[in-house]
file query_22.cif (mmCIF, C-alpha atoms)
data_upload
loop_
_atom_site.label_atom_id
_atom_site.label_comp_id
_atom_site.auth_asym_id
_atom_site.auth_seq_id
_atom_site.Cartn_x
_atom_site.Cartn_y
_atom_site.Cartn_z
CA MET X 6 0.00 0.00 0.00
CA LYS X 7 2.94 2.17 0.49
CA ASN X 8 3.55 2.02 -3.26
CA VAL X 9 0.08 3.31 -4.05
CA THR X 10 0.35 6.05 -1.48
CA ASP X 11 3.77 7.04 -2.76
CA SER X 12 2.48 7.23 -6.29
CA PHE X 13 -0.26 9.67 -5.22
CA VAL X 14 2.19 11.68 -3.19
CA SER X 15 4.77 11.89 -5.94
CA LEU X 16 2.47 13.07 -8.66
CA GLY X 17 4.88 15.77 -9.66
CA HIS X 18 7.45 13.53 -11.40
CA TRP X 19 7.46 10.74 -14.01
CA PRO X 20 7.15 7.23 -12.78
CA TYR X 21 9.97 4.79 -13.29
CA ALA X 22 9.95 2.41 -16.16
CA GLY X 23 8.03 -0.70 -15.43
CA SER X 24 6.00 0.88 -12.68
CA PHE X 25 2.47 2.17 -12.80
CA GLY X 26 1.66 5.81 -12.06
CA PHE X 27 -0.19 8.95 -13.10
CA ASN X 28 1.17 11.49 -15.52
CA THR X 29 0.23 14.93 -14.33
CA ASP X 30 1.38 16.78 -17.40
CA ILE X 31 -1.98 17.83 -18.81
CA LEU X 32 -0.67 18.96 -22.16
CA ALA X 33 1.01 15.65 -22.85
CA THR X 34 -1.64 13.27 -21.54
CA ASN X 35 -4.99 14.85 -22.51
CA PRO X 36 -4.71 14.51 -26.30
CA ILE X 37 -3.60 10.89 -25.92
CA ASN X 38 -6.39 10.11 -23.41
CA LEU X 39 -8.97 11.88 -25.51
CA THR X 40 -7.83 10.04 -28.63
CA VAL X 41 -8.03 6.71 -26.84
CA VAL X 42 -11.45 7.48 -25.34
CA LEU X 43 -12.77 8.77 -28.66
CA GLY X 44 -11.40 5.74 -30.47
CA VAL X 45 -13.03 3.38 -27.99
CA LEU X 46 -16.30 5.34 -28.17
CA ILE X 47 -16.27 5.37 -31.95
CA PHE X 48 -15.35 1.72 -32.20
CA PHE X 49 -17.83 0.44 -29.64
CA GLY X 50 -20.42 3.22 -29.79
CA LYS X 51 -20.62 3.42 -33.55
CA GLY X 52 -23.27 0.69 -33.79
CA VAL X 53 -25.23 2.05 -30.84
CA LEU X 54 -25.06 5.57 -32.23
CA ASN X 55 -26.08 4.34 -35.68
CA ASP X 56 -28.97 2.43 -34.14
CA LEU X 57 -30.03 5.50 -32.15
CA LEU X 58 -29.80 7.70 -35.23
CA ASP X 59 -31.65 5.14 -37.37
CA ASN X 60 -34.38 4.83 -34.73
CA ARG X 61 -34.62 8.63 -34.52
CA LYS X 62 -34.71 8.86 -38.32
CA GLN X 63 -37.49 6.23 -38.47
CA ARG X 64 -39.50 8.04 -35.80
CA ILE X 65 -39.11 11.32 -37.67
CA LEU X 66 -40.10 9.66 -40.97
CA ASN X 67 -43.08 7.95 -39.29
CA THR X 68 -44.09 11.26 -37.73
CA ILE X 69 -43.81 12.98 -41.13
CA ARG X 70 -45.79 10.16 -42.79
CA ASN X 71 -48.48 10.33 -40.08
CA SER X 72 -48.55 14.11 -40.39
CA GLU X 73 -48.99 13.81 -44.16
CA GLU X 74 -51.80 11.29 -43.69
CA LEU X 75 -53.46 13.52 -41.10
CA ARG X 76 -52.98 16.51 -43.39
CA GLY X 77 -54.58 14.58 -46.26
CA GLY X 78 -57.47 13.54 -44.02
CA ALA X 79 -57.84 17.11 -42.77
CA ILE X 80 -57.87 18.43 -46.35
CA GLU X 81 -60.47 15.82 -47.28
CA GLN X 82 -62.60 16.74 -44.27
CA LEU X 83 -62.16 20.43 -45.14
CA GLU X 84 -63.39 19.79 -48.67
CA LYS X 85 -66.34 17.80 -47.33
CA ALA X 86 -67.10 20.61 -44.89
CA ARG X 87 -66.89 23.19 -47.69
CA ALA X 88 -69.20 21.09 -49.88
CA HIS X 89 -71.62 20.72 -46.97
CA LEU X 90 -71.41 24.47 -46.33
CA ARG X 91 -72.20 25.21 -49.98
CA LYS X 92 -75.14 22.78 -49.81
CA VAL X 93 -76.41 24.38 -46.60
CA GLU X 94 -76.02 27.87 -48.10
CA ILE X 95 -78.02 26.79 -51.17
CA GLU X 96 -80.71 25.29 -48.93
CA ALA X 97 -80.72 28.46 -46.81
CA ASP X 98 -81.15 30.56 -49.96
CA GLN X 99 -83.99 28.28 -51.07
CA PHE X 100 -85.62 28.55 -47.64
CA ARG X 101 -85.16 32.30 -47.75
CA VAL X 102 -86.68 32.54 -51.26
CA ASN X 103 -89.45 30.09 -50.34
CA GLY X 104 -89.98 31.99 -47.10
CA TYR X 105 -90.33 35.27 -48.98
CA SER X 106 -92.66 33.60 -51.49
CA GLU X 107 -94.67 32.08 -48.63
CA ILE X 108 -94.81 35.46 -46.89
CA GLU X 109 -96.02 37.13 -50.09
CA ARG X 110 -98.58 34.37 -50.63
CA GLU X 111 -99.81 34.68 -47.04
CA LYS X 112 -99.90 38.45 -47.42
CA LEU X 113 -102.04 38.16 -50.57
CA ASN X 114 -104.28 35.57 -48.88
CA LEU X 115 -104.67 37.88 -45.89
CA ILE X 116 -105.46 40.86 -48.13
CA ASN X 117 -108.00 38.78 -50.10
CA SER X 118 -109.53 37.42 -46.92
CA THR X 119 -109.73 40.90 -45.44
CA TYR X 120 -111.28 42.21 -48.67
CA LYS X 121 -113.89 39.42 -48.63
CA THR X 122 -114.61 40.06 -44.96
CA LEU X 123 -115.04 43.76 -45.68
CA GLU X 124 -117.37 42.94 -48.58
CA GLN X 125 -119.41 40.67 -46.31
CA LEU X 126 -119.54 43.35 -43.64
CA GLU X 127 -120.59 45.89 -46.26
CA ASN X 128 -123.33 43.49 -47.44
CA TYR X 129 -124.44 42.90 -43.84
CA LYS X 130 -124.46 46.64 -43.27
CA ASN X 131 -126.50 47.24 -46.42
CA GLU X 132 -128.90 44.43 -45.51
CA THR X 133 -129.25 45.81 -41.99
CA ILE X 134 -129.88 49.31 -43.34
CA HIS X 135 -132.43 47.94 -45.82
CA PHE X 136 -134.08 45.87 -43.08
CA GLU X 137 -134.22 48.88 -40.76
CA GLN X 138 -135.63 51.03 -43.58
CA GLN X 139 -138.30 48.42 -44.32
CA ARG X 140 -139.05 48.15 -40.62
CA ALA X 141 -139.31 51.93 -40.33
CA ILE X 142 -141.48 52.09 -43.48
CA ASN X 143 -143.70 49.29 -42.11
CA GLN X 144 -143.99 51.09 -38.78
CA VAL X 145 -144.89 54.32 -40.55
CA ARG X 146 -147.41 52.48 -42.77
CA GLN X 147 -148.89 50.73 -39.77
CA ARG X 148 -149.12 54.00 -37.89
CA VAL X 149 -150.67 55.74 -40.93
CA PHE X 150 -153.07 52.81 -41.44
CA GLN X 151 -154.05 52.87 -37.76
CA GLN X 152 -154.60 56.61 -37.89
CA ALA X 153 -156.56 56.31 -41.17
CA LEU X 154 -158.60 53.43 -39.78
CA GLN X 155 -159.24 55.32 -36.58
CA GLY X 156 -160.23 58.38 -38.63
CA ALA X 157 -162.51 56.25 -40.84
CA ILE X 158 -164.09 54.62 -37.81
CA GLU X 159 -164.66 58.02 -36.27
CA THR X 160 -166.08 59.33 -39.58
CA LEU X 161 -168.27 56.27 -40.02
CA SER X 162 -169.39 56.42 -36.45
CA SER X 163 -170.37 60.04 -36.79
CA CYS X 164 -171.96 59.64 -40.27
CA LEU X 165 -173.36 56.15 -40.08
CA THR X 166 -176.91 55.95 -38.99
CA SER X 167 -178.82 52.78 -38.48
CA GLU X 168 -180.65 53.19 -41.78
CA LEU X 169 -177.39 53.66 -43.70
CA HIS X 170 -175.95 50.77 -41.79
CA LEU X 171 -178.79 48.47 -42.83
CA ARG X 172 -178.48 49.53 -46.45
CA THR X 173 -174.74 48.81 -46.46
CA ILE X 174 -175.33 45.38 -44.96
CA SER X 175 -178.03 44.59 -47.59
CA ALA X 176 -175.79 45.76 -50.44
CA ASN X 177 -173.02 43.52 -49.16
CA ILE X 178 -175.36 40.55 -48.85
CA ASP X 179 -176.58 41.10 -52.42
CA MET X 180 -173.00 41.28 -53.65
CA PHE X 181 -172.16 37.99 -51.88
CA GLU X 182 -175.23 36.27 -53.36
CA SER X 183 -174.31 37.39 -56.88
CA MET X 184 -170.76 36.15 -56.37
CA GLN X 185 -172.09 32.84 -55.14
CA GLU X 186 -174.30 32.47 -58.20
CA ILE X 187 -171.36 33.19 -60.50
CA MET X 188 -169.35 30.55 -58.78
CA ASP X 189 -172.09 27.95 -59.07
#
call {"tool": "encode", "arguments": {"input": "query_22.cif", "output": "structure tokens"}}
result
Amino acid sequence: MKNVTDSFVSLGHWPYAGSFGFNTDILATNPINLTVVLGVLIFFGKGVLNDLLDNRKQRILNTIRNSEELRGGAIEQLEKARAHLRKVEIEADQFRVNGYSEIEREKLNLINSTYKTLEQLENYKNETIHFEQQRAINQVRQRVFQQALQGAIETLSSCLTSELHLRTISANIDMFESMQEIMD
């Protein structure tokens, strides 16, 4: 153990030939050590590094392929959506046109219906006026007839004597008998 301890203690000088020790001259040992380490890494790590790079390359290619497929699917869906949008816009225009046509048709139907209703109301009004005129005329006629009848009764009552009354009755009886003979 003394040898190992001495080698650590005497790091400042070159070891003797045939003995093992550390070279502390950085400028002399680093390029050699680095070359050896790099050589070993390249020799042994070349396959691992190639495998890692190939795996990474495959993952990138798969990702690109998947992205292209997704892009193609997205473009296809976009085209379908655009076609559906155009179809919906056409249907909306048709509904709008049909809606305006339906509104105009309903408006004309409403105007015609209102016109017919107004005509019927006008006819009802005219019939009511005519009925009320007839009723008023009939009332006036009835009133005039009652007054004329009352006046005639008063005139007959004041002028009619029993002799005149008997003569009128006989004349009427004679007239009925002559009518009965004509009928037989």
call {"tool": "atom_distance", "arguments": {"input": "query_22.cif", "atom1": "CA of Ala79 (chain X)", "atom2": "CA of Lys62 (chain X)"}}
result
25.0 Å
call {"tool": "atom_distance", "arguments": {"input": "query_22.cif", "atom1": "CA of Tyr105 (chain X)", "atom2": "CA of Ser118 (chain X)"}}
result
19.4 Å
call {"tool": "atom_distance", "arguments": {"input": "query_22.cif", "atom1": "CA of Lys51 (chain X)", "atom2": "CA of Asn35 (chain X)"}}
result
22.3 Å
call {"tool": "build_atoms", "arguments": {"input": "query_22.cif", "residues": "region 98-115 of chain X", "atoms": "N, CA and C atoms", "output": "mmCIF file, in the frame of the given file"}}
result
data_model
loop_
_atom_site.group_PDB
_atom_site.id
_atom_site.type_symbol
_atom_site.label_atom_id
_atom_site.label_comp_id
_atom_site.auth_asym_id
_atom_site.auth_seq_id
_atom_site.Cartn_x
_atom_site.Cartn_y
_atom_site.Cartn_z
ATOM 1 N N ASP X 98 -80.624 29.629 -48.955
ATOM 2 C CA ASP X 98 -81.150 30.560 -49.960
ATOM 3 C C ASP X 98 -82.525 30.111 -50.437
ATOM 4 N N GLN X 99 -82.686 28.792 -50.641
ATOM 5 C CA GLN X 99 -83.990 28.280 -51.070
ATOM 6 C C GLN X 99 -85.049 28.535 -49.998
ATOM 7 N N PHE X 100 -84.672 28.275 -48.723
ATOM 8 C CA PHE X 100 -85.620 28.550 -47.640
ATOM 9 C C PHE X 100 -85.955 30.028 -47.587
ATOM 10 N N ARG X 101 -84.933 30.856 -47.788
ATOM 11 C CA ARG X 101 -85.160 32.300 -47.750
ATOM 12 C C ARG X 101 -86.110 32.709 -48.878
ATOM 13 N N VAL X 102 -85.821 32.215 -50.109
ATOM 14 C CA VAL X 102 -86.680 32.540 -51.260
ATOM 15 C C VAL X 102 -88.083 31.979 -51.030
ATOM 16 N N ASN X 103 -88.140 30.700 -50.606
ATOM 17 C CA ASN X 103 -89.450 30.090 -50.340
ATOM 18 C C ASN X 103 -90.161 30.818 -49.213
ATOM 19 N N GLY X 104 -89.393 31.249 -48.218
ATOM 20 C CA GLY X 104 -89.980 31.990 -47.100
ATOM 21 C C GLY X 104 -90.573 33.298 -47.582
ATOM 22 N N TYR X 105 -89.812 34.019 -48.445
ATOM 23 C CA TYR X 105 -90.330 35.270 -48.980
ATOM 24 C C TYR X 105 -91.566 35.013 -49.842
ATOM 25 N N SER X 106 -91.502 33.942 -50.656
ATOM 26 C CA SER X 106 -92.660 33.600 -51.490
ATOM 27 C C SER X 106 -93.855 33.252 -50.599
ATOM 28 N N GLU X 107 -93.603 32.471 -49.563
ATOM 29 C CA GLU X 107 -94.670 32.080 -48.630
ATOM 30 C C GLU X 107 -95.241 33.316 -47.935
ATOM 31 N N ILE X 108 -94.362 34.232 -47.550
ATOM 32 C CA ILE X 108 -94.810 35.460 -46.890
ATOM 33 C C ILE X 108 -95.676 36.271 -47.855
ATOM 34 N N GLU X 109 -95.228 36.392 -49.102
ATOM 35 C CA GLU X 109 -96.020 37.130 -50.090
ATOM 36 C C GLU X 109 -97.363 36.453 -50.327
ATOM 37 N N ARG X 110 -97.334 35.110 -50.420
ATOM 38 C CA ARG X 110 -98.580 34.370 -50.630
ATOM 39 C C ARG X 110 -99.525 34.568 -49.449
ATOM 40 N N GLU X 111 -98.986 34.466 -48.237
ATOM 41 C CA GLU X 111 -99.810 34.680 -47.040
ATOM 42 C C GLU X 111 -100.334 36.109 -46.990
ATOM 43 N N LYS X 112 -99.488 37.045 -47.405
ATOM 44 C CA LYS X 112 -99.900 38.450 -47.420
ATOM 45 C C LYS X 112 -101.075 38.646 -48.377
ATOM 46 N N LEU X 113 -100.944 38.053 -49.595
ATOM 47 C CA LEU X 113 -102.040 38.160 -50.570
ATOM 48 C C LEU X 113 -103.293 37.460 -50.051
ATOM 49 N N ASN X 114 -103.129 36.279 -49.450
ATOM 50 C CA ASN X 114 -104.280 35.570 -48.880
ATOM 51 C C ASN X 114 -104.946 36.413 -47.796
ATOM 52 N N LEU X 115 -104.128 37.032 -46.954
ATOM 53 C CA LEU X 115 -104.670 37.880 -45.890
ATOM 54 C C LEU X 115 -105.396 39.084 -46.465
#
